[in-house]
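Q: Structure file start-v1.cif (mmCIF, C-alpha atoms and all ligand atoms) right here:
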```cif
data_final
loop_
_atom_site.group_PDB
_atom_site.id
_atom_site.type_symbol
_atom_site.label_atom_id
_atom_site.label_comp_id
_atom_site.auth_asym_id
_atom_site.auth_seq_id
_atom_site.Cartn_x
_atom_site.Cartn_y
_atom_site.Cartn_z
ATOM 1 C CA MET A 1 9.892 9.333 2.111
ATOM 2 C CA THR A 2 8.947 11.773 -0.510
ATOM 3 C CA CYS A 3 6.281 11.093 -3.030
ATOM 4 C CA ARG A 4 7.745 10.444 -6.437
ATOM 5 C CA LEU A 5 6.093 13.328 -8.193
ATOM 6 C CA SER A 6 5.284 15.869 -5.525
ATOM 7 C CA GLY A 7 8.286 15.852 -3.223
ATOM 8 C CA PHE A 8 5.872 15.886 -0.238
ATOM 9 C CA SER A 9 5.682 12.981 2.148
ATOM 10 C CA GLU A 10 2.237 11.689 3.009
ATOM 11 C CA GLU A 11 2.916 12.609 6.634
ATOM 12 C CA GLU A 12 3.811 16.142 5.560
ATOM 13 C CA ILE A 13 0.592 16.312 3.642
ATOM 14 C CA THR A 14 -1.356 15.185 6.689
ATOM 15 C CA THR A 15 0.553 17.487 9.002
ATOM 16 C CA THR A 16 -0.040 20.432 6.695
ATOM 17 C CA MET A 17 -3.686 19.570 6.597
ATOM 18 C CA GLN A 18 -3.814 19.576 10.368
ATOM 19 C CA SER A 19 -1.864 22.811 10.751
ATOM 20 C CA PRO A 20 -3.895 25.472 12.567
ATOM 21 C CA THR A 21 -2.933 27.943 9.808
ATOM 22 C CA ILE A 22 -4.674 25.869 7.152
ATOM 23 C CA VAL A 23 -8.321 25.294 7.810
ATOM 24 C CA ASN A 24 -9.175 22.020 6.256
ATOM 25 C CA PRO A 25 -12.659 20.606 6.554
ATOM 26 C CA ALA A 26 -11.570 17.258 5.190
ATOM 27 C CA VAL A 27 -9.554 15.687 7.963
ATOM 28 C CA LEU A 28 -11.664 12.774 9.024
ATOM 29 C CA ILE A 29 -10.257 9.870 10.949
ATOM 30 C CA PRO A 30 -12.263 6.856 9.809
ATOM 31 C CA VAL A 31 -11.587 4.670 12.832
ATOM 32 C CA ASN A 32 -11.452 6.151 16.315
ATOM 33 C CA PRO A 33 -7.802 6.113 17.509
ATOM 34 C CA ALA A 34 -8.835 4.333 20.704
ATOM 35 C CA ILE A 35 -10.260 1.499 18.596
ATOM 36 C CA GLU A 36 -7.054 1.298 16.528
ATOM 37 C CA ASP A 37 -5.025 1.247 19.779
ATOM 38 C CA TYR A 38 -7.201 -1.565 21.065
ATOM 39 C CA MET A 39 -6.709 -3.572 17.874
ATOM 40 C CA ARG A 40 -2.969 -2.882 17.935
ATOM 41 C CA GLY A 41 -2.865 -4.096 21.534
ATOM 42 C CA LEU A 42 -4.214 -7.452 20.417
ATOM 43 C CA ALA A 43 -1.446 -7.894 17.839
ATOM 44 C CA GLY A 44 1.582 -8.150 20.134
ATOM 45 C CA ARG A 45 2.354 -11.681 19.053
ATOM 46 C CA THR A 46 3.341 -10.415 15.599
ATOM 47 C CA ASP A 47 6.311 -8.514 17.091
ATOM 48 C CA HIS A 48 9.635 -9.184 15.405
ATOM 49 C CA PRO A 49 12.846 -7.168 15.947
ATOM 50 C CA VAL A 50 13.108 -6.318 12.222
ATOM 51 C CA LEU A 51 9.518 -5.191 12.133
ATOM 52 C CA THR A 52 9.820 -2.983 15.169
ATOM 53 C CA GLU A 53 12.974 -1.434 13.729
ATOM 54 C CA MET A 54 11.220 -0.691 10.429
ATOM 55 C CA GLU A 55 8.339 0.868 12.344
ATOM 56 C CA ALA A 56 10.704 3.003 14.440
ATOM 57 C CA VAL A 57 12.489 4.213 11.297
ATOM 58 C CA ALA A 58 9.137 5.108 9.714
ATOM 59 C CA LYS A 59 8.194 7.134 12.773
ATOM 60 C CA GLN A 60 11.545 8.918 12.868
ATOM 61 C CA ASN A 61 11.453 9.837 9.176
ATOM 62 C CA ASN A 62 7.710 10.288 8.677
ATOM 63 C CA PHE A 63 7.800 7.490 6.135
ATOM 64 C CA PRO A 64 4.289 6.251 5.297
ATOM 65 C CA ILE A 65 4.428 2.506 5.828
ATOM 66 C CA VAL A 66 1.090 0.709 6.085
ATOM 67 C CA GLY A 67 1.653 -0.011 9.776
ATOM 68 C CA ARG A 68 1.048 -3.070 11.896
ATOM 69 C CA LEU A 69 -2.718 -3.476 11.581
ATOM 70 C CA VAL A 70 -2.752 -3.167 7.799
ATOM 71 C CA GLY A 71 0.355 -5.371 7.619
ATOM 72 C CA ILE A 72 -1.457 -8.146 9.463
ATOM 73 C CA PHE A 73 -4.452 -7.621 7.186
ATOM 74 C CA LEU A 74 -2.258 -7.986 4.077
ATOM 75 C CA GLU A 75 -0.696 -11.179 5.368
ATOM 76 C CA THR A 76 -4.093 -12.618 6.259
ATOM 77 C CA LEU A 77 -5.542 -11.768 2.843
ATOM 78 C CA ALA A 78 -2.552 -13.285 1.061
ATOM 79 C CA LYS A 79 -2.798 -16.493 3.075
ATOM 80 C CA THR A 80 -6.556 -16.648 2.538
ATOM 81 C CA VAL A 81 -6.170 -16.748 -1.250
ATOM 82 C CA ASN A 82 -3.136 -19.014 -0.978
ATOM 83 C CA ALA A 83 -1.036 -16.383 -2.755
ATOM 84 C CA ARG A 84 2.278 -17.507 -4.223
ATOM 85 C CA ARG A 85 2.997 -14.658 -6.650
ATOM 86 C CA ILE A 86 2.491 -11.011 -5.681
ATOM 87 C CA PHE A 87 3.357 -7.743 -7.427
ATOM 88 C CA GLU A 88 3.819 -4.613 -5.314
ATOM 89 C CA PHE A 89 3.527 -1.172 -6.949
ATOM 90 C CA GLY A 90 5.434 1.103 -4.527
ATOM 91 C CA SER A 91 7.334 -0.888 -1.919
ATOM 92 C CA GLY A 92 9.185 1.782 0.055
ATOM 93 C CA TYR A 93 11.793 -0.015 2.154
ATOM 94 C CA GLY A 94 9.950 -3.287 2.294
ATOM 95 C CA TYR A 95 7.518 -3.039 5.192
ATOM 96 C CA SER A 96 4.404 -4.200 3.334
ATOM 97 C CA ALA A 97 6.596 -6.710 1.480
ATOM 98 C CA TYR A 98 7.613 -8.209 4.844
ATOM 99 C CA TRP A 99 3.983 -9.279 5.387
ATOM 100 C CA PHE A 100 3.445 -10.546 1.874
ATOM 101 C CA ALA A 101 6.762 -12.421 1.913
ATOM 102 C CA LYS A 102 5.733 -14.170 5.124
ATOM 103 C CA ALA A 103 2.441 -15.182 3.538
ATOM 104 C CA VAL A 104 3.716 -16.600 0.221
ATOM 105 C CA GLY A 105 5.903 -19.235 1.853
ATOM 106 C CA ALA A 106 9.338 -20.506 0.880
ATOM 107 C CA ASP A 107 8.314 -21.205 -2.735
ATOM 108 C CA GLY A 108 6.521 -17.918 -3.258
ATOM 109 C CA GLN A 109 7.661 -14.677 -4.836
ATOM 110 C CA VAL A 110 6.967 -11.011 -4.151
ATOM 111 C CA ILE A 111 8.077 -8.607 -6.876
ATOM 112 C CA CYS A 112 8.748 -5.263 -5.229
ATOM 113 C CA THR A 113 9.178 -1.935 -7.015
ATOM 114 C CA ASP A 114 10.293 1.506 -5.981
ATOM 115 C CA GLY A 115 11.635 4.590 -7.726
ATOM 116 C CA ASP A 116 14.275 5.160 -5.048
ATOM 117 C CA PRO A 117 17.348 2.858 -5.165
ATOM 118 C CA LEU A 118 18.081 3.618 -1.499
ATOM 119 C CA ASN A 119 14.777 2.010 -0.571
ATOM 120 C CA LYS A 120 15.780 -1.152 -2.402
ATOM 121 C CA GLU A 121 19.046 -1.276 -0.450
ATOM 122 C CA LYS A 122 17.287 -0.820 2.889
ATOM 123 C CA ALA A 123 14.521 -3.289 2.018
ATOM 124 C CA GLU A 124 17.011 -5.984 1.075
ATOM 125 C CA GLN A 125 18.837 -5.466 4.357
ATOM 126 C CA TYR A 126 15.687 -5.693 6.458
ATOM 127 C CA LEU A 127 14.250 -8.642 4.567
ATOM 128 C CA ARG A 128 17.562 -10.498 4.768
ATOM 129 C CA SER A 129 17.600 -10.001 8.549
ATOM 130 C CA ALA A 130 14.057 -11.342 8.699
ATOM 131 C CA GLY A 131 15.057 -14.406 6.650
ATOM 132 C CA LEU A 132 12.693 -13.441 3.824
ATOM 133 C CA SER A 133 14.998 -12.102 1.100
ATOM 134 C CA GLU A 134 14.865 -15.317 -0.991
ATOM 135 C CA ARG A 135 11.184 -14.672 -1.603
ATOM 136 C CA VAL A 136 11.602 -11.069 -2.743
ATOM 137 C CA ASP A 137 12.703 -9.711 -6.103
ATOM 138 C CA PHE A 138 13.151 -5.944 -5.592
ATOM 139 C CA ARG A 139 13.410 -3.821 -8.747
ATOM 140 C CA THR A 140 14.118 -0.103 -9.022
ATOM 141 C CA GLY A 141 12.261 2.200 -11.401
ATOM 142 C CA LEU A 142 8.754 3.203 -12.362
ATOM 143 C CA ALA A 143 6.471 0.456 -11.059
ATOM 144 C CA GLN A 144 4.159 0.646 -14.068
ATOM 145 C CA GLU A 145 7.060 0.105 -16.451
ATOM 146 C CA ILE A 146 8.478 -2.780 -14.430
ATOM 147 C CA PHE A 147 5.029 -4.362 -14.374
ATOM 148 C CA THR A 148 4.869 -4.362 -18.177
ATOM 149 C CA GLN A 149 8.186 -6.263 -18.198
ATOM 150 C CA THR A 150 6.618 -9.131 -16.243
ATOM 151 C CA GLU A 151 4.482 -11.906 -17.695
ATOM 152 C CA GLY A 152 1.619 -14.047 -16.501
ATOM 153 C CA LEU A 153 -0.980 -13.690 -13.804
ATOM 154 C CA PHE A 154 -0.558 -12.652 -10.182
ATOM 155 C CA ASP A 155 -2.434 -13.845 -7.125
ATOM 156 C CA ILE A 156 -2.293 -10.308 -5.736
ATOM 157 C CA CYS A 157 -1.466 -6.906 -7.199
ATOM 158 C CA TYR A 158 -0.886 -4.359 -4.464
ATOM 159 C CA ASN A 159 -0.924 -0.622 -5.180
ATOM 160 C CA ASP A 160 0.756 1.983 -2.955
ATOM 161 C CA VAL A 161 2.334 4.393 -5.476
ATOM 162 C CA ASP A 162 1.771 8.127 -5.859
ATOM 163 C CA LYS A 163 -1.972 8.612 -5.673
ATOM 164 C CA GLY A 164 -2.331 10.372 -9.029
ATOM 165 C CA ASP A 165 -1.285 7.091 -10.658
ATOM 166 C CA TYR A 166 -3.960 4.985 -8.945
ATOM 167 C CA PRO A 167 -6.448 4.721 -11.866
ATOM 168 C CA GLU A 168 -3.645 3.814 -14.290
ATOM 169 C CA VAL A 169 -2.306 1.116 -11.977
ATOM 170 C CA TRP A 170 -5.779 -0.355 -11.471
ATOM 171 C CA GLN A 171 -6.398 -0.448 -15.238
ATOM 172 C CA MET A 172 -3.137 -2.246 -15.931
ATOM 173 C CA ALA A 173 -3.293 -4.624 -12.969
ATOM 174 C CA LYS A 174 -6.895 -5.807 -13.212
ATOM 175 C CA ASP A 175 -6.344 -8.015 -16.266
ATOM 176 C CA ARG A 176 -3.259 -9.611 -14.741
ATOM 177 C CA ILE A 177 -4.961 -10.925 -11.595
ATOM 178 C CA ARG A 178 -6.013 -14.563 -11.672
ATOM 179 C CA PRO A 179 -9.657 -15.448 -11.036
ATOM 180 C CA GLY A 180 -10.100 -15.535 -7.260
ATOM 181 C CA GLY A 181 -7.051 -13.283 -6.846
ATOM 182 C CA LEU A 182 -6.977 -9.854 -5.259
ATOM 183 C CA TYR A 183 -6.283 -6.244 -6.108
ATOM 184 C CA ILE A 184 -5.386 -4.314 -2.959
ATOM 185 C CA ALA A 185 -4.631 -0.587 -2.613
ATOM 186 C CA ASP A 186 -3.742 1.544 0.396
ATOM 187 C CA ASN A 187 -4.860 5.120 1.193
ATOM 188 C CA VAL A 188 -8.175 4.907 -0.623
ATOM 189 C CA LEU A 189 -9.910 7.116 1.973
ATOM 190 C CA TRP A 190 -7.090 9.673 1.673
ATOM 191 C CA HIS A 191 -7.461 11.069 5.165
ATOM 192 C CA GLY A 192 -11.173 11.557 4.612
ATOM 193 C CA ARG A 193 -10.959 13.808 1.560
ATOM 194 C CA VAL A 194 -12.926 11.268 -0.497
ATOM 195 C CA ALA A 195 -15.917 11.715 1.803
ATOM 196 C CA VAL A 196 -16.387 15.503 1.778
ATOM 197 C CA GLU A 197 -17.245 18.085 -0.839
ATOM 198 C CA LYS A 198 -14.520 20.578 0.055
ATOM 199 C CA TYR A 199 -10.978 19.521 0.758
ATOM 200 C CA VAL A 200 -7.473 20.899 0.518
ATOM 201 C CA ASP A 201 -5.819 18.869 -2.212
ATOM 202 C CA ILE A 202 -2.166 19.440 -1.425
ATOM 203 C CA ILE A 203 -1.167 17.574 -4.556
ATOM 204 C CA PRO A 204 -3.537 18.778 -7.263
ATOM 205 C CA GLY A 205 -5.582 15.944 -8.703
ATOM 206 C CA TRP A 206 -4.717 13.243 -6.199
ATOM 207 C CA THR A 207 -8.084 13.139 -4.436
ATOM 208 C CA GLU A 208 -9.902 13.109 -7.772
ATOM 209 C CA ALA A 209 -7.633 10.262 -8.913
ATOM 210 C CA ILE A 210 -8.450 8.210 -5.805
ATOM 211 C CA LEU A 211 -12.165 8.917 -6.245
ATOM 212 C CA ASP A 212 -11.977 7.742 -9.880
ATOM 213 C CA HIS A 213 -9.973 4.688 -8.851
ATOM 214 C CA ASN A 214 -12.491 3.660 -6.198
ATOM 215 C CA ARG A 215 -15.473 4.257 -8.534
ATOM 216 C CA LEU A 216 -13.860 2.206 -11.301
ATOM 217 C CA ILE A 217 -13.279 -0.719 -8.975
ATOM 218 C CA PHE A 218 -16.732 -0.753 -7.416
ATOM 219 C CA ASN A 219 -18.306 -0.544 -10.893
ATOM 220 C CA ASP A 220 -16.225 -3.303 -12.431
ATOM 221 C CA PRO A 221 -18.460 -6.342 -13.022
ATOM 222 C CA GLU A 222 -15.458 -8.668 -12.819
ATOM 223 C CA PHE A 223 -14.655 -7.768 -9.198
ATOM 224 C CA ASP A 224 -16.270 -7.742 -5.761
ATOM 225 C CA ALA A 225 -14.862 -4.944 -3.619
ATOM 226 C CA PHE A 226 -14.749 -3.733 -0.046
ATOM 227 C CA ILE A 227 -12.917 -0.932 1.806
ATOM 228 C CA ASN A 228 -11.433 -1.690 5.199
ATOM 229 C CA PRO A 229 -11.298 1.749 6.898
ATOM 230 C CA THR A 230 -8.307 0.854 9.094
ATOM 231 C CA ARG A 231 -5.641 3.595 9.080
ATOM 232 C CA ASP A 232 -6.174 5.394 5.744
ATOM 233 C CA GLY A 233 -8.452 2.838 4.065
ATOM 234 C CA VAL A 234 -7.473 -0.319 2.222
ATOM 235 C CA ILE A 235 -9.508 -1.448 -0.783
ATOM 236 C CA VAL A 236 -9.702 -5.148 -1.503
ATOM 237 C CA ALA A 237 -11.198 -6.299 -4.803
ATOM 238 C CA ARG A 238 -11.537 -9.998 -5.574
ATOM 239 C CA LYS A 239 -11.677 -11.112 -9.185
ATOM 240 C CA ARG A 240 -14.734 -13.258 -9.777
ATOM 241 C CA THR A 241 -14.282 -16.825 -10.826
ATOM 242 C CA SER A 242 -17.395 -16.941 -13.019
HETATM 243 C C1 LIG B 301 3.585 4.869 0.514
HETATM 244 S S1 LIG B 301 5.206 4.400 0.127
HETATM 245 C C2 LIG B 301 5.147 2.632 0.124
HETATM 246 C C3 LIG B 301 5.077 2.042 1.459
HETATM 247 C C4 LIG B 301 5.092 0.535 1.455
HETATM 248 N N1 LIG B 301 4.033 -0.033 0.637
HETATM 249 C C5 LIG B 301 4.955 0.050 2.863
HETATM 250 O O1 LIG B 301 3.855 0.051 3.402
HETATM 251 O O2 LIG B 301 5.956 -0.319 3.434
HETATM 252 C C6 LIG B 301 5.256 4.705 -1.586
HETATM 253 C C7 LIG B 301 6.572 4.361 -2.217
HETATM 254 O O3 LIG B 301 6.369 4.224 -3.598
HETATM 255 C C8 LIG B 301 7.367 4.891 -4.319
HETATM 256 N N2 LIG B 301 6.693 5.305 -5.560
HETATM 257 C C9 LIG B 301 5.669 6.174 -5.702
HETATM 258 N N3 LIG B 301 5.195 6.154 -6.959
HETATM 259 C C10 LIG B 301 5.948 5.214 -7.619
HETATM 260 C C11 LIG B 301 5.926 4.702 -8.938
HETATM 261 N N4 LIG B 301 5.012 5.096 -9.846
HETATM 262 N N5 LIG B 301 6.845 3.766 -9.272
HETATM 263 C C12 LIG B 301 7.749 3.324 -8.373
HETATM 264 N N6 LIG B 301 7.795 3.759 -7.106
HETATM 265 C C13 LIG B 301 6.903 4.702 -6.730
HETATM 266 C C14 LIG B 301 7.884 5.993 -3.434
HETATM 267 O O4 LIG B 301 9.252 6.201 -3.689
HETATM 268 C C15 LIG B 301 7.652 5.411 -2.048
HETATM 269 O O5 LIG B 301 8.794 4.791 -1.540
#
```
So, in terms of structure tokens, how does the structure I just supplied come out?
A:
Amino acid sequence: MTCRLSGFSEEEITTTMQSPTIVNPAVLIPVNPAIEDYMRGLAGRTDHPVLTEMEAVAKQNNFPIVGRLVGIFLETLAKTVNARRIFEFGSGYGYSAYWFAKAVGADGQVICTDGDPLNKEKAEQYLRSAGLSERVDFRTGLAQEIFTQTEGLFDICYNDVDKGDYPEVWQMAKDRIRPGGLYIADNVLWHGRVAVEKYVDIIPGWTEAILDHNRLIFNDPEFDAFINPTRDGVIVARKRTS
């Protein structure tokens, strides 16, 4: 997967950062890999042939899916708030949508978006094989534009687009989340760059955008927020009910 604006994949960015030729002080792994392996080992019961195929394809192509642990987290969050209507900004080929689609139930809906029509094709194939396609409405184009074409409130808005767009997506999504609903975004620790003074920002402005995004959320009086440091950091912000 290439990022919409930069042409770099997130894996390429990480790999470049870890290259011995580029000294980068900012590569921090929030959770010890042994701990992540342990947690992954507990999650065997979530195996599904479609899921394992999607994960294998991600590995082969360095495509940045959220992965199993975050997937389980997304499904759990969605079930916890009894989500029936979810909007995804940046769906790739449907891996995160798989988890949300499972959570919303037969009457629920996940609106997926991606700039790449090939991703839509692949997602629809995978989700059909998993028996979840009826719950998913996959649209191609700029996620922000597609969002403005929708109406009403969502139980969850999930953000996984190019990182420079994070503050914009937060600003537009926050007023369209129902009280008690969630805003969720992936990669908010950005491989540790958010936590150090000096970092190599492969895509100029992306780290600053994530920092702004996170600050805005934690300072918003309408939301309570928390970052789960699993993988690359997932922010969860719940809209207050009073
Ligand atoms: C990190 S991947 C999404 C992975 C997906 N959430 C998952 O875990 O399976 C980001 C995807 O968003 C798409 N994308 C990035 N910025 C976008 C935007 N503003 N509008 C639509 N798609 C975008 C890219 O084409 C890419 O497929």
Q: Using only C-alpha atoms and all ligand atoms, find each residue with an atom at most 8 Å away from ligand LIG 301 (chain B) and format the answer as number ranges by chain.
A: A: 1-5, 10, 63-67, 71, 88-97, 113-116, 119, 140-144, 159-163, 165, 186
Q: What residues come out when you apply the PyMOL selection byres (((chain A and resi 164) around 10) and not hetatm) to this file, written as a PyMOL selection string?
A: chain A and resi 5+161-163+165-169+203-210+213
Q: Can you work out which one of A:Ile29, A:Val196, A:Ala123, A:Val81 has the shortest atom-to-atom distance to Asp137 (chain A), counting only C-alpha atoms?
A: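 Among the listed residues, the smallest separation from Asp137 (chain A) belongs to A:Ala123.
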Q: Identify the residues around (-16.4, -4.7, -0.2) within a radius of 9 Å, measuring from all atoms listed in the file in the coordinates stated by the file, and give them as a PDB file with C-alpha atoms, in the frame of the given file.
A:
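Contents of the output file point.pdb:
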```
ATOM      1  CA  PHE A 218     -16.732  -0.753  -7.416  1.00  0.00           C
ATOM      2  CA  ASP A 224     -16.270  -7.742  -5.761  1.00  0.00           C
ATOM      3  CA  ALA A 225     -14.862  -4.944  -3.619  1.00  0.00           C
ATOM      4  CA  PHE A 226     -14.749  -3.733  -0.046  1.00  0.00           C
ATOM      5  CA  ILE A 227     -12.917  -0.932   1.806  1.00  0.00           C
ATOM      6  CA  ASN A 228     -11.433  -1.690   5.199  1.00  0.00           C
ATOM      7  CA  ILE A 235      -9.508  -1.448  -0.783  1.00  0.00           C
ATOM      8  CA  VAL A 236      -9.702  -5.148  -1.503  1.00  0.00           C
ATOM      9  CA  ALA A 237     -11.198  -6.299  -4.803  1.00  0.00           C
ATOM     10  CA  ARG A 238     -11.537  -9.998  -5.574  1.00  0.00           C
TER      11      ARG A 238
END
```
Q: Do you have the CA of Val104 (chain A)-CA of Arg84 (chain A) distance handy?
A: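 Taking CA of Val104 (chain A) and CA of Arg84 (chain A), their separation equals 4.8 Å.
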Q: Between CA of Val70 (chain A) and CA of Asn187 (chain A), measure the distance and give it in Å to one decimal.
A: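 Those two atoms sit 10.8 Å apart.
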Q: Take the PyMOL selection byres (((chain A and resi 134) around 12) and not hetatm), run it mentally on this structure, and tell me the resulting residues as an NGL selection string.
A: :A and (98 or 101-102 or 104-111 or 124-125 or 127-133 or 135-138)
